[in-house]
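Listing of start.txt, compact mmCIF, C-alpha atoms and all ligand atoms
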# COMPACT_ATOMS: atom_id res chain seq x y z
CA MET U 1396 -216.90 -137.74 -79.25
CA ARG U 1397 -216.64 -138.03 -75.51
CA LEU U 1398 -217.62 -134.76 -73.95
CA LEU U 1399 -218.15 -133.94 -70.33
CA ARG U 1400 -221.88 -133.65 -70.78
CA SER U 1401 -223.57 -134.21 -67.49
CA GLN U 1402 -227.01 -134.05 -69.10
CA ARG U 1403 -226.32 -137.29 -70.90
CA SER U 1404 -228.65 -140.03 -69.83
CA LEU U 1405 -227.44 -142.52 -67.30
CA GLY U 1406 -227.56 -145.14 -70.01
CA GLU U 1407 -225.19 -143.08 -72.13
CA LEU U 1408 -222.96 -142.55 -69.12
CA LEU U 1409 -222.90 -146.25 -68.42
CA ALA U 1410 -222.18 -146.98 -72.05
CA SER U 1411 -219.28 -144.54 -72.01
CA GLY U 1412 -217.25 -146.63 -69.61
CA PRO U 1413 -216.95 -147.82 -66.01
CA LEU U 1414 -218.42 -145.44 -63.49
CA THR U 1415 -217.20 -144.64 -60.02
CA SER U 1416 -219.72 -144.80 -57.25
CA PHE U 1417 -220.11 -141.04 -57.62
CA GLN U 1418 -220.93 -141.26 -61.27
CA THR U 1419 -224.37 -142.48 -60.43
CA HIS U 1420 -227.52 -140.47 -60.32
CA PHE U 1421 -229.36 -139.87 -57.10
CA GLN U 1422 -232.66 -138.51 -55.99
CA ASN U 1423 -232.77 -135.35 -53.95
CA GLY U 1424 -236.31 -134.48 -52.93
CA PHE U 1425 -238.23 -133.51 -56.01
CA HIS U 1426 -235.43 -133.17 -58.50
CA LYS U 1427 -233.16 -135.68 -60.01
CA TYR U 1428 -229.61 -134.43 -60.29
CA TYR U 1429 -226.86 -135.93 -62.27
CA ILE U 1430 -223.41 -135.41 -60.86
CA SER U 1431 -221.10 -134.47 -63.68
CA PRO U 1432 -219.04 -137.30 -65.11
CA LEU U 1433 -216.32 -137.09 -62.60
CA ASN U 1434 -213.07 -138.01 -64.11
CA ALA U 1435 -212.29 -135.75 -67.01
CA ARG U 1436 -211.74 -137.68 -70.19
CA LEU U 1437 -209.85 -136.43 -73.16
CA PRO U 1438 -212.01 -136.41 -76.28
CA ALA U 1439 -210.93 -138.70 -79.04
CA GLY U 1440 -210.12 -138.26 -82.71
CA GLU U 1441 -211.54 -135.45 -84.80
CA ALA U 1442 -213.38 -133.87 -81.87
CA ARG U 1443 -210.16 -132.89 -80.15
CA ASP U 1444 -209.54 -129.48 -81.74
CA LYS U 1445 -213.12 -128.38 -81.62
CA ALA U 1446 -214.08 -129.60 -78.21
CA CYS U 1447 -211.01 -128.80 -76.15
CA ASP U 1448 -211.50 -125.18 -75.22
CA MET U 1449 -210.62 -125.22 -71.53
CA LYS U 1450 -207.14 -124.99 -70.02
CA ALA U 1451 -206.42 -127.44 -67.23
CA ALA U 1452 -203.46 -128.89 -65.35
CA ILE U 1453 -203.84 -132.65 -65.30
CA ILE U 1454 -202.03 -135.82 -64.32
CA LYS U 1455 -201.95 -138.76 -66.74
CA ARG U 1456 -199.96 -140.95 -64.38
CA PHE U 1457 -199.28 -141.05 -60.65
CA GLY U 1458 -195.94 -139.88 -59.28
CA GLY U 1459 -193.92 -136.72 -58.65
CA PRO U 1460 -194.73 -133.11 -59.55
CA GLU U 1461 -193.19 -133.61 -63.00
CA ASN U 1462 -196.32 -135.57 -63.89
CA ILE U 1463 -198.45 -132.44 -63.81
CA GLU U 1464 -198.97 -131.14 -67.33
CA LEU U 1465 -201.07 -128.51 -69.03
CA ALA U 1466 -203.82 -129.75 -71.32
CA ASP U 1467 -206.83 -128.55 -73.25
CA LEU U 1468 -210.03 -130.24 -72.13
CA PRO U 1469 -213.66 -129.86 -73.18
CA THR U 1470 -215.58 -127.34 -71.10
CA PRO U 1471 -218.12 -129.30 -69.06
CA THR U 1472 -221.84 -128.62 -69.48
CA PRO U 1473 -223.94 -128.19 -66.32
CA GLY U 1474 -226.70 -130.74 -65.89
CA PRO U 1475 -229.96 -130.31 -63.98
CA GLY U 1476 -229.32 -128.65 -60.62
CA GLU U 1477 -225.73 -127.79 -61.56
CA VAL U 1478 -223.94 -124.58 -62.42
CA LEU U 1479 -220.85 -124.01 -64.50
CA VAL U 1480 -218.25 -122.20 -62.39
CA ARG U 1481 -215.52 -120.18 -64.08
CA VAL U 1482 -212.71 -121.10 -61.71
CA ARG U 1483 -210.59 -118.11 -60.65
CA ALA U 1484 -208.52 -119.67 -57.88
CA THR U 1485 -207.75 -123.11 -56.51
CA ALA U 1486 -205.88 -123.70 -53.27
CA LEU U 1487 -203.50 -126.60 -52.84
CA ASN U 1488 -203.72 -129.12 -50.03
CA HIS U 1489 -201.41 -131.97 -49.12
CA LEU U 1490 -204.28 -134.11 -50.33
CA ASP U 1491 -203.31 -132.98 -53.85
CA VAL U 1492 -199.85 -134.45 -53.32
CA TRP U 1493 -201.22 -137.74 -52.04
CA VAL U 1494 -203.63 -138.03 -54.96
CA ARG U 1495 -200.86 -137.09 -57.41
CA ASN U 1496 -198.62 -139.78 -55.91
CA GLY U 1497 -201.49 -142.28 -56.05
CA ILE U 1498 -203.43 -143.43 -53.00
CA PRO U 1499 -204.48 -147.09 -53.17
CA ALA U 1500 -207.67 -146.36 -51.24
CA TYR U 1501 -208.79 -143.76 -53.80
CA LYS U 1502 -209.95 -145.32 -57.03
CA ILE U 1503 -209.09 -142.51 -59.43
CA SER U 1504 -209.08 -142.96 -63.18
CA LEU U 1505 -206.58 -141.06 -65.29
CA PRO U 1506 -206.24 -138.47 -66.66
CA HIS U 1507 -207.37 -136.60 -63.60
CA VAL U 1508 -207.85 -132.94 -62.66
CA LEU U 1509 -206.64 -132.17 -59.11
CA GLY U 1510 -207.82 -129.34 -56.89
CA SER U 1511 -210.18 -129.54 -53.91
CA ASP U 1512 -210.49 -125.89 -52.81
CA VAL U 1513 -212.13 -123.87 -55.55
CA ALA U 1514 -213.55 -120.36 -55.98
CA GLY U 1515 -214.84 -118.48 -58.99
CA GLU U 1516 -217.87 -116.99 -60.69
CA VAL U 1517 -221.03 -118.67 -61.86
CA GLU U 1518 -220.78 -118.67 -65.64
CA ALA U 1519 -223.91 -120.61 -66.66
CA LEU U 1520 -226.87 -122.34 -65.05
CA GLY U 1521 -228.14 -125.81 -65.76
CA PRO U 1522 -231.89 -126.55 -65.66
CA LEU U 1523 -233.66 -126.28 -62.30
CA VAL U 1524 -231.08 -123.97 -60.73
CA LYS U 1525 -232.75 -121.28 -58.67
CA SER U 1526 -230.39 -120.48 -55.81
CA VAL U 1527 -227.74 -118.48 -57.68
CA ARG U 1528 -227.42 -116.13 -60.63
CA VAL U 1529 -224.91 -115.88 -63.41
CA GLY U 1530 -222.03 -113.74 -62.17
CA SER U 1531 -222.38 -114.79 -58.49
CA ARG U 1532 -219.04 -115.11 -56.73
CA VAL U 1533 -218.77 -118.48 -55.04
CA SER U 1534 -216.59 -120.89 -53.17
CA VAL U 1535 -217.22 -124.59 -53.64
CA ALA U 1536 -217.88 -127.00 -50.76
CA PRO U 1537 -215.46 -129.84 -51.49
CA GLY U 1538 -217.33 -132.87 -50.05
CA ARG U 1539 -219.69 -135.08 -52.08
CA SER U 1540 -221.96 -137.76 -50.66
CA CYS U 1541 -225.01 -139.89 -51.52
CA TRP U 1542 -227.70 -137.94 -49.60
CA GLY U 1543 -229.64 -141.16 -49.16
CA CYS U 1544 -227.90 -143.05 -46.33
CA GLU U 1545 -228.47 -142.77 -42.57
CA TYR U 1546 -225.41 -140.53 -42.15
CA CYS U 1547 -226.35 -138.11 -44.90
CA LEU U 1548 -229.95 -137.94 -43.72
CA GLY U 1549 -228.70 -137.33 -40.19
CA GLY U 1550 -226.59 -134.35 -41.25
CA ARG U 1551 -223.31 -136.25 -40.98
CA ASP U 1552 -222.63 -136.52 -44.69
CA ASN U 1553 -218.85 -136.70 -44.10
CA TYR U 1554 -219.47 -140.14 -42.54
CA CYS U 1555 -221.17 -141.39 -45.73
CA ALA U 1556 -219.64 -144.53 -47.26
CA GLU U 1557 -219.65 -142.73 -50.61
CA TYR U 1558 -218.13 -139.52 -49.26
CA GLY U 1559 -215.56 -138.07 -51.62
CA ILE U 1560 -213.70 -134.81 -52.17
CA ILE U 1561 -213.57 -133.02 -55.51
CA GLY U 1562 -210.13 -133.16 -57.05
CA ALA U 1563 -209.58 -136.46 -55.23
CA HIS U 1564 -212.02 -139.38 -55.17
CA GLY U 1565 -215.05 -137.11 -55.56
CA GLY U 1566 -214.55 -136.05 -59.17
CA PRO U 1567 -212.46 -133.57 -61.12
CA GLY U 1568 -211.18 -130.53 -59.29
CA GLY U 1569 -210.25 -126.94 -59.81
CA TYR U 1570 -206.94 -127.05 -61.69
CA ALA U 1571 -209.06 -126.04 -64.68
CA GLU U 1572 -210.85 -123.03 -66.04
CA TYR U 1573 -214.30 -124.52 -65.55
CA LEU U 1574 -215.99 -126.90 -63.14
CA CYS U 1575 -219.60 -128.09 -62.90
CA VAL U 1576 -220.96 -127.89 -59.36
CA PRO U 1577 -224.36 -129.00 -58.00
CA GLN U 1578 -225.99 -125.85 -56.61
CA MET U 1579 -226.24 -127.24 -53.08
CA TYR U 1580 -222.43 -127.13 -52.83
CA LEU U 1581 -222.08 -123.43 -53.67
CA LEU U 1582 -221.02 -121.07 -50.90
CA PRO U 1583 -221.32 -117.29 -51.27
CA ALA U 1584 -218.04 -115.40 -51.61
CA PRO U 1585 -218.54 -111.75 -50.64
CA ASP U 1586 -216.97 -108.95 -52.69
CA SER U 1587 -214.73 -108.17 -49.73
CA MET U 1588 -212.83 -111.42 -50.33
CA SER U 1589 -210.44 -112.05 -53.17
CA PHE U 1590 -210.96 -115.24 -55.17
CA GLU U 1591 -207.67 -116.47 -53.72
CA GLU U 1592 -209.03 -116.02 -50.20
CA ALA U 1593 -212.36 -117.59 -51.19
CA ALA U 1594 -210.46 -120.67 -52.41
CA ALA U 1595 -208.08 -120.84 -49.47
CA TYR U 1596 -210.40 -121.83 -46.65
CA PRO U 1597 -212.98 -124.59 -47.35
CA LEU U 1598 -211.03 -127.79 -46.75
CA THR U 1599 -208.77 -126.75 -43.87
CA MET U 1600 -211.23 -124.47 -42.08
CA LEU U 1601 -213.99 -127.11 -42.32
CA SER U 1602 -211.64 -129.80 -41.01
CA ALA U 1603 -210.50 -127.59 -38.13
CA TRP U 1604 -214.11 -126.79 -37.26
CA HIS U 1605 -215.12 -130.45 -37.25
CA MET U 1606 -212.10 -131.44 -35.15
CA LEU U 1607 -212.40 -128.72 -32.54
CA VAL U 1608 -216.09 -127.87 -32.36
CA GLU U 1609 -217.88 -131.08 -33.29
CA LEU U 1610 -215.44 -133.69 -31.96
CA GLY U 1611 -213.27 -131.78 -29.47
CA ARG U 1612 -216.16 -129.81 -27.93
CA VAL U 1613 -213.85 -126.83 -27.53
CA GLY U 1614 -214.99 -124.15 -25.12
CA ALA U 1615 -213.93 -120.81 -23.68
CA GLY U 1616 -210.86 -120.97 -21.48
CA GLN U 1617 -209.86 -124.46 -22.54
CA VAL U 1618 -206.28 -125.15 -23.58
CA VAL U 1619 -205.79 -126.40 -27.14
CA VAL U 1620 -202.45 -127.68 -28.44
CA VAL U 1621 -202.09 -127.42 -32.23
CA MET U 1622 -199.46 -129.77 -33.61
CA GLY U 1623 -197.96 -128.86 -36.96
CA ALA U 1624 -199.09 -125.29 -36.49
CA GLY U 1625 -197.28 -124.09 -39.61
CA ALA U 1626 -199.41 -126.11 -42.00
CA GLY U 1627 -202.62 -124.82 -43.54
CA MET U 1628 -204.50 -127.08 -41.16
CA GLY U 1629 -202.62 -125.60 -38.20
CA ALA U 1630 -203.39 -122.00 -39.15
CA ALA U 1631 -207.08 -122.93 -39.44
CA ALA U 1632 -207.09 -124.76 -36.10
CA ILE U 1633 -205.49 -121.80 -34.29
CA GLN U 1634 -208.21 -119.51 -35.59
CA VAL U 1635 -211.12 -121.83 -34.80
CA ALA U 1636 -209.78 -122.45 -31.29
CA LYS U 1637 -209.35 -118.71 -30.68
CA PHE U 1638 -212.83 -118.06 -32.10
CA ALA U 1639 -214.19 -120.49 -29.49
CA GLY U 1640 -212.35 -118.61 -26.73
CA ALA U 1641 -209.69 -121.22 -26.08
CA ARG U 1642 -206.04 -120.64 -25.24
CA VAL U 1643 -203.75 -122.03 -27.91
CA ILE U 1644 -200.28 -123.55 -27.75
CA ALA U 1645 -198.81 -123.84 -31.25
CA VAL U 1646 -196.21 -126.54 -31.99
CA SER U 1647 -193.95 -126.50 -35.04
CA THR U 1648 -190.41 -127.37 -36.05
CA SER U 1649 -189.96 -123.88 -37.51
CA PRO U 1650 -189.37 -120.82 -35.28
CA ASP U 1651 -190.44 -118.59 -38.20
CA LYS U 1652 -193.76 -120.36 -38.46
CA LEU U 1653 -194.29 -120.13 -34.73
CA GLU U 1654 -193.91 -116.35 -34.93
CA LYS U 1655 -196.61 -116.31 -37.59
CA ALA U 1656 -198.78 -118.63 -35.50
CA LYS U 1657 -198.49 -116.14 -32.64
CA ALA U 1658 -199.46 -113.31 -34.96
CA LEU U 1659 -202.55 -115.36 -35.79
CA GLY U 1660 -203.51 -115.53 -32.13
CA ALA U 1661 -201.61 -118.43 -30.60
CA ASP U 1662 -200.90 -117.69 -26.92
CA ASP U 1663 -197.75 -119.75 -26.67
CA ALA U 1664 -195.43 -121.53 -29.08
CA VAL U 1665 -193.29 -124.63 -28.79
CA ALA U 1666 -190.48 -125.49 -31.15
CA CYS U 1667 -189.78 -129.20 -31.45
CA PRO U 1668 -188.04 -131.52 -30.38
CA PRO U 1669 -191.17 -133.39 -29.34
CA GLY U 1670 -189.73 -134.13 -25.89
CA ASP U 1671 -190.20 -130.50 -24.98
CA ILE U 1672 -193.89 -130.42 -25.82
CA VAL U 1673 -195.14 -132.04 -22.62
CA ARG U 1674 -192.86 -129.92 -20.44
CA GLN U 1675 -193.92 -126.70 -22.13
CA VAL U 1676 -197.63 -127.51 -21.97
CA ALA U 1677 -197.16 -128.25 -18.27
CA ALA U 1678 -195.39 -124.91 -17.80
CA PHE U 1679 -198.03 -122.98 -19.72
CA THR U 1680 -200.93 -124.54 -17.82
CA GLY U 1681 -199.33 -124.65 -14.36
CA GLY U 1682 -199.38 -128.44 -14.56
CA ALA U 1683 -203.05 -128.67 -15.50
CA MET U 1684 -202.23 -129.84 -19.05
CA ALA U 1685 -204.31 -129.48 -22.22
CA ASP U 1686 -208.00 -130.11 -22.85
CA ILE U 1687 -207.55 -130.83 -26.56
CA VAL U 1688 -204.69 -131.71 -28.88
CA VAL U 1689 -205.24 -131.20 -32.60
CA GLU U 1690 -202.98 -133.66 -34.38
CA HIS U 1691 -202.16 -134.39 -38.00
CA VAL U 1692 -198.46 -135.23 -37.74
CA GLY U 1693 -198.50 -138.85 -36.56
CA PRO U 1694 -195.74 -140.94 -34.94
CA ALA U 1695 -193.25 -138.06 -34.53
CA VAL U 1696 -195.45 -136.40 -31.91
CA PHE U 1697 -198.22 -138.86 -31.04
CA GLU U 1698 -196.96 -139.96 -27.63
CA SER U 1699 -196.16 -136.37 -26.66
CA ALA U 1700 -199.64 -135.41 -27.83
CA LEU U 1701 -201.25 -137.94 -25.49
CA ARG U 1702 -198.99 -137.03 -22.57
CA ALA U 1703 -199.83 -133.34 -23.03
CA LEU U 1704 -203.51 -134.04 -22.24
CA LYS U 1705 -205.20 -133.66 -18.89
CA ARG U 1706 -207.47 -136.40 -17.51
CA GLY U 1707 -210.47 -136.75 -19.80
CA GLY U 1708 -208.64 -134.78 -22.50
CA ARG U 1709 -209.34 -135.23 -26.20
CA LEU U 1710 -206.85 -135.99 -28.93
CA VAL U 1711 -208.35 -135.36 -32.38
CA THR U 1712 -206.38 -136.58 -35.35
CA CYS U 1713 -206.90 -135.94 -39.04
CA GLY U 1714 -203.62 -136.96 -40.61
CA ALA U 1715 -200.39 -138.91 -40.48
CA THR U 1716 -197.75 -136.91 -42.30
CA THR U 1717 -194.85 -138.70 -40.57
CA GLY U 1718 -196.29 -142.21 -40.98
CA PRO U 1719 -199.42 -144.28 -40.41
CA THR U 1720 -198.49 -146.33 -37.34
CA VAL U 1721 -197.98 -145.22 -33.74
CA SER U 1722 -197.31 -147.06 -30.50
CA LEU U 1723 -199.93 -146.58 -27.85
CA ASP U 1724 -199.49 -147.04 -24.11
CA LEU U 1725 -202.95 -148.22 -23.09
CA ARG U 1726 -202.20 -147.49 -19.43
CA LEU U 1727 -201.98 -143.81 -20.34
CA VAL U 1728 -205.30 -143.95 -22.17
CA PHE U 1729 -207.37 -145.66 -19.48
CA SER U 1730 -205.73 -144.13 -16.42
CA ARG U 1731 -206.23 -140.60 -17.74
CA GLN U 1732 -209.53 -141.56 -19.40
CA LEU U 1733 -208.43 -140.01 -22.66
CA HIS U 1734 -210.51 -139.71 -25.80
CA ILE U 1735 -208.92 -140.36 -29.19
CA ARG U 1736 -211.10 -139.17 -32.05
CA GLY U 1737 -210.50 -139.57 -35.76
CA SER U 1738 -211.70 -136.72 -37.96
CA TYR U 1739 -212.34 -136.53 -41.68
CA MET U 1740 -213.51 -133.28 -43.26
CA GLY U 1741 -216.87 -132.05 -41.89
CA SER U 1742 -220.55 -131.89 -42.76
CA LEU U 1743 -222.05 -129.64 -45.42
CA ARG U 1744 -224.02 -127.95 -42.64
CA ALA U 1745 -220.76 -127.11 -40.85
CA MET U 1746 -219.25 -125.99 -44.17
CA ARG U 1747 -222.02 -123.43 -44.63
CA LEU U 1748 -221.57 -122.14 -41.09
CA VAL U 1749 -217.80 -121.84 -41.57
CA SER U 1750 -218.40 -120.08 -44.88
CA ARG U 1751 -220.58 -117.51 -43.12
CA LEU U 1752 -217.95 -116.90 -40.44
CA VAL U 1753 -215.25 -116.47 -43.08
CA GLY U 1754 -217.51 -114.12 -45.05
CA GLU U 1755 -218.01 -112.04 -41.91
CA GLY U 1756 -214.26 -111.86 -41.41
CA ARG U 1757 -214.38 -113.81 -38.13
CA LEU U 1758 -212.20 -116.58 -39.55
CA ARG U 1759 -209.49 -115.50 -41.96
CA PRO U 1760 -207.94 -117.50 -44.79
CA VAL U 1761 -204.15 -117.26 -44.64
CA ILE U 1762 -202.38 -117.21 -48.01
CA ASP U 1763 -198.67 -117.77 -48.29
CA ARG U 1764 -198.12 -117.49 -52.02
CA THR U 1765 -199.92 -117.67 -55.36
CA PHE U 1766 -198.87 -119.28 -58.64
CA PRO U 1767 -200.52 -119.17 -62.06
CA LEU U 1768 -202.26 -122.39 -63.16
CA SER U 1769 -199.51 -122.85 -65.74
CA GLN U 1770 -197.04 -123.26 -62.86
CA ALA U 1771 -199.01 -125.91 -60.99
CA ARG U 1772 -195.94 -128.14 -60.97
CA ALA U 1773 -193.81 -125.43 -59.32
CA ALA U 1774 -196.62 -124.86 -56.82
CA HIS U 1775 -196.53 -128.55 -55.88
CA GLU U 1776 -192.76 -128.45 -55.48
CA TYR U 1777 -193.08 -125.41 -53.24
CA LEU U 1778 -195.81 -127.10 -51.16
CA GLU U 1779 -193.66 -130.18 -50.70
CA SER U 1780 -190.73 -128.04 -49.55
CA ARG U 1781 -192.90 -127.17 -46.50
CA LYS U 1782 -191.61 -123.61 -46.48
CA GLN U 1783 -195.04 -122.07 -46.51
CA PHE U 1784 -197.20 -120.74 -43.72
CA GLY U 1785 -200.80 -120.88 -44.83
CA LYS U 1786 -202.12 -121.75 -48.24
CA VAL U 1787 -200.51 -122.03 -51.63
CA VAL U 1788 -203.03 -120.91 -54.25
CA LEU U 1789 -203.25 -121.26 -58.03
CA LYS U 1790 -204.70 -118.31 -59.96
CA VAL U 1791 -206.73 -119.72 -62.83
ZN ZN U 1801 -224.65 -141.01 -47.69
As structure tokens, how would this structure be written, given the file I've shared?
Ligand SMILES: [Zn+2]
Amino acid sequence: MRLLRSQRSLGELLASGPLTSFQTHFQNGFHKYYISPLNARLPAGEARDKACDMKAAIIKRFGGPENIELADLPTPTPGPGEVLVRVRATALNHLDVWVRNGIPAYKISLPHVLGSDVAGEVEALGPLVKSVRVGSRVSVAPGRSCWGCEYCLGGRDNYCAEYGIIGAHGGPGGYAEYLCVPQMYLLPAPDSMSFEEAAAYPLTMLSAWHMLVELGRVGAGQVVVVMGAGAGMGAAAIQVAKFAGARVIAVSTSPDKLEKAKALGADDAVACPPGDIVRQVAAFTGGAMADIVVEHVGPAVFESALRALKRGGRLVTCGATTGPTVSLDLRLVFSRQLHIRGSYMGSLRAMRLVSRLVGEGRLRPVIDRTFPLSQARAAHEYLESRKQFGKVVLKV
């Protein structure tokens, strides 16, 4: 019988099959935690009926949305320092689509449970858990790291060589009724928030915070251009920039989405084609141009993004939805002394700060539409249609 029992000894875990780098134990101060076995395995033989008491949406092979199927899996058991979360909502990200399609860089074993943005209630406590009680409403910080390297010890855990995201290369995710979570990754979800809202913010709001606050050094009065403003990432970036007191120019191909971006606080809006972006930023700023461009689109807008910056401006990129390769005019970079910063998620410290701001209502998760877990495939198809503004959320 192969159950998801995180309290199994490391020897048993090793004997049960190859482990990812995250399926190792690590020391954290005084307690030894085991991270739950990360890639959900279907139990074999006679144990199947008895053990499989949890509904999940899984992929057994990489490819299109038709590869998402419902399955019964064993409910995981929380190990030392972990809690069992009864998942109530899981938000989709484009990361889910990439993982579903298969990313060569992510070594994911199948079957796999997707879902990186998770919220629910604490159902049971493993040994040594003191920070939460059964029944606590929580969101889950999606990043996982080693907590032993120079980056982790320096508070930059998202730079860790072993950094992973649950539902992707950091273990099973939230397309399931239950998930084991080390207590350090739990974020309070106040009663004033729905579970859907509590699931809708961690990944995008953390990424936007890291891009704008940590890397972009956004400040009051600065001009921030948000490319791809209609995506979940764009809605988060608009809010973080406005929170910091910046003026925001939203860019999207969709006039409808630009109206919604304005309702969220954007001061100006630019519909593509990309050629218009530079002209419109110049018009909005009286020729001064932008301090920061938040970018996750890639080659379709990259040159416009650079040309929209003032001297010493910062381009922060966290994605490449239109392709991985851009051409770069170095004369533009050195003559304007531009900064190009790559961004990937954010630290756990930043995640907790963002969680507090969301809990206080100062940053607001934006939900487009919800689907039941049983319609995870339809939710993926909807996400890939790019019709949404804000997050698509599964109710579990
Ligand atoms: Zn580390």
Give the residue list for ligand ZN 1801 (chain U) at 9 Å, counting only C-alpha atoms and all ligand atoms, as an MDAnalysis selection string, sorted by chain and then by residue number.
chainID U and resid 1539:1548 1551:1558
How would the residues just picked look written out with C-alpha atoms as a compact mmCIF listing (two decimals), in the coordinates of the input?
# COMPACT_ATOMS: atom_id res chain seq x y z
CA ARG U 1539 -219.69 -135.08 -52.08
CA SER U 1540 -221.96 -137.76 -50.66
CA CYS U 1541 -225.01 -139.89 -51.52
CA TRP U 1542 -227.70 -137.94 -49.60
CA GLY U 1543 -229.64 -141.16 -49.16
CA CYS U 1544 -227.90 -143.05 -46.33
CA GLU U 1545 -228.47 -142.77 -42.57
CA TYR U 1546 -225.41 -140.53 -42.15
CA CYS U 1547 -226.35 -138.11 -44.90
CA LEU U 1548 -229.95 -137.94 -43.72
CA ARG U 1551 -223.31 -136.25 -40.98
CA ASP U 1552 -222.63 -136.52 -44.69
CA ASN U 1553 -218.85 -136.70 -44.10
CA TYR U 1554 -219.47 -140.14 -42.54
CA CYS U 1555 -221.17 -141.39 -45.73
CA ALA U 1556 -219.64 -144.53 -47.26
CA GLU U 1557 -219.65 -142.73 -50.61
CA TYR U 1558 -218.13 -139.52 -49.26
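Every protein, DNA or RNA residue with an atom at most 9 Å from Thr1485 in chain U, where only C-alpha atoms count and chain neighbours fewer than 5 positions away do not, is listed here: Gly1510, Ser1511, Asp1512, Val1513, Ala1514, Gly1515, Gly1568, Gly1569, Tyr1570, Ala1571, Phe1590, Glu1591, Ala1593, Ala1594, Ala1595, Leu1768, Val1787, Val1788, Leu1789, Lys1790 and Val1791 of chain U.
Compared by their closest atoms to Gln1617 in chain U, and using all atoms listed in the file, the residues U:Gly1640, U:Gly1629, U:Pro1537, U:Gly1566 rank with U:Gly1640 nearest.
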Nearest residue to Ala1658 in chain U out of U:Val1761, U:Phe1638, U:Cys1575, U:Gly1530, using all atoms listed in the file?
U:Val1761
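With all atoms listed in the file as the atoms that count, the residue of U:Gly1785, U:Gly1756, U:Gly1623, U:Gly1476 with the shortest distance to Ala1715 in chain U is U:Gly1623.
For the pair CA of Val1721 in chain U and CA of Pro1597 in chain U, the interatomic distance is 28.9 Å.
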Between CA of Ile1503 in chain U and CA of Arg1532 in chain U - distance in Å to one decimal:
29.3 Å
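Note that the spacing between CA of Pro1475 in chain U and CA of Val1576 in chain U amounts to 10.4 Å.
Closest approach to Leu1487 in chain U among U:Met1588, U:Val1753, U:Ala1451, U:Leu1509 is made by U:Leu1509 (distances from only C-alpha atoms).
The residue that comes closest to Ala1645 in chain U, out of U:Val1524, U:Ala1631, U:Ala1624, U:Leu1758 and on the basis of all atoms listed in the file, is U:Ala1624.
Comparing U:Ile1454, U:Glu1698, U:Asn1488, U:Leu1601 by their smallest distance to Tyr1777 in chain U, the closest is U:Asn1488 (using only C-alpha atoms).
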Might you pull out every residue within 7 Å of range 1681-1685 of chain U, with only C-alpha atoms counted and same-chain residues fewer than 2 positions away left off, and present them as a PyMOL selection string?
chain U and resi 1618-1620+1676-1679+1687+1703-1705+1708
Excluding Lys1786 in chain U and residues on its chain fewer than 2 positions from it, collect all residues at most 6 Å away from it, counting all atoms listed in the file, and give them as a list in words.
Gly1627, Ile1762 and Asp1763 of chain U
Can you tell me, as a count of residues only, which residues sit within 10 Å of (-215.8, -116.9, -36.7) in the file's frame, using only C-alpha atoms?
18
Axis-aligned box over every listed atom of range 1462-1466 of chain U, padded by 8 Å per side: centre and edges in Å to one decimal, as JSON?
{"center_x": -200.1, "center_y": -132.0, "center_z": -67.6, "size_x": 23.5, "size_y": 23.1, "size_z": 23.5}
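Within the 8 Å cut-off around Lys1455 in chain U, using all atoms listed in the file and omitting residues fewer than 6 positions from it on the same chain, the listed residues are Asn1462, Ile1463, Leu1505, Pro1506 and His1507 of chain U.
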Which neighbours of Ser1780 in chain U fall inside 12 Å, counting all atoms listed in the file, when residues of the same chain fewer than 3 positions from it are skipped, and could you give them as an MDAnalysis selection string?
chainID U and resid 1460 1489 1492 1626 1773:1777 1783:1784 1787
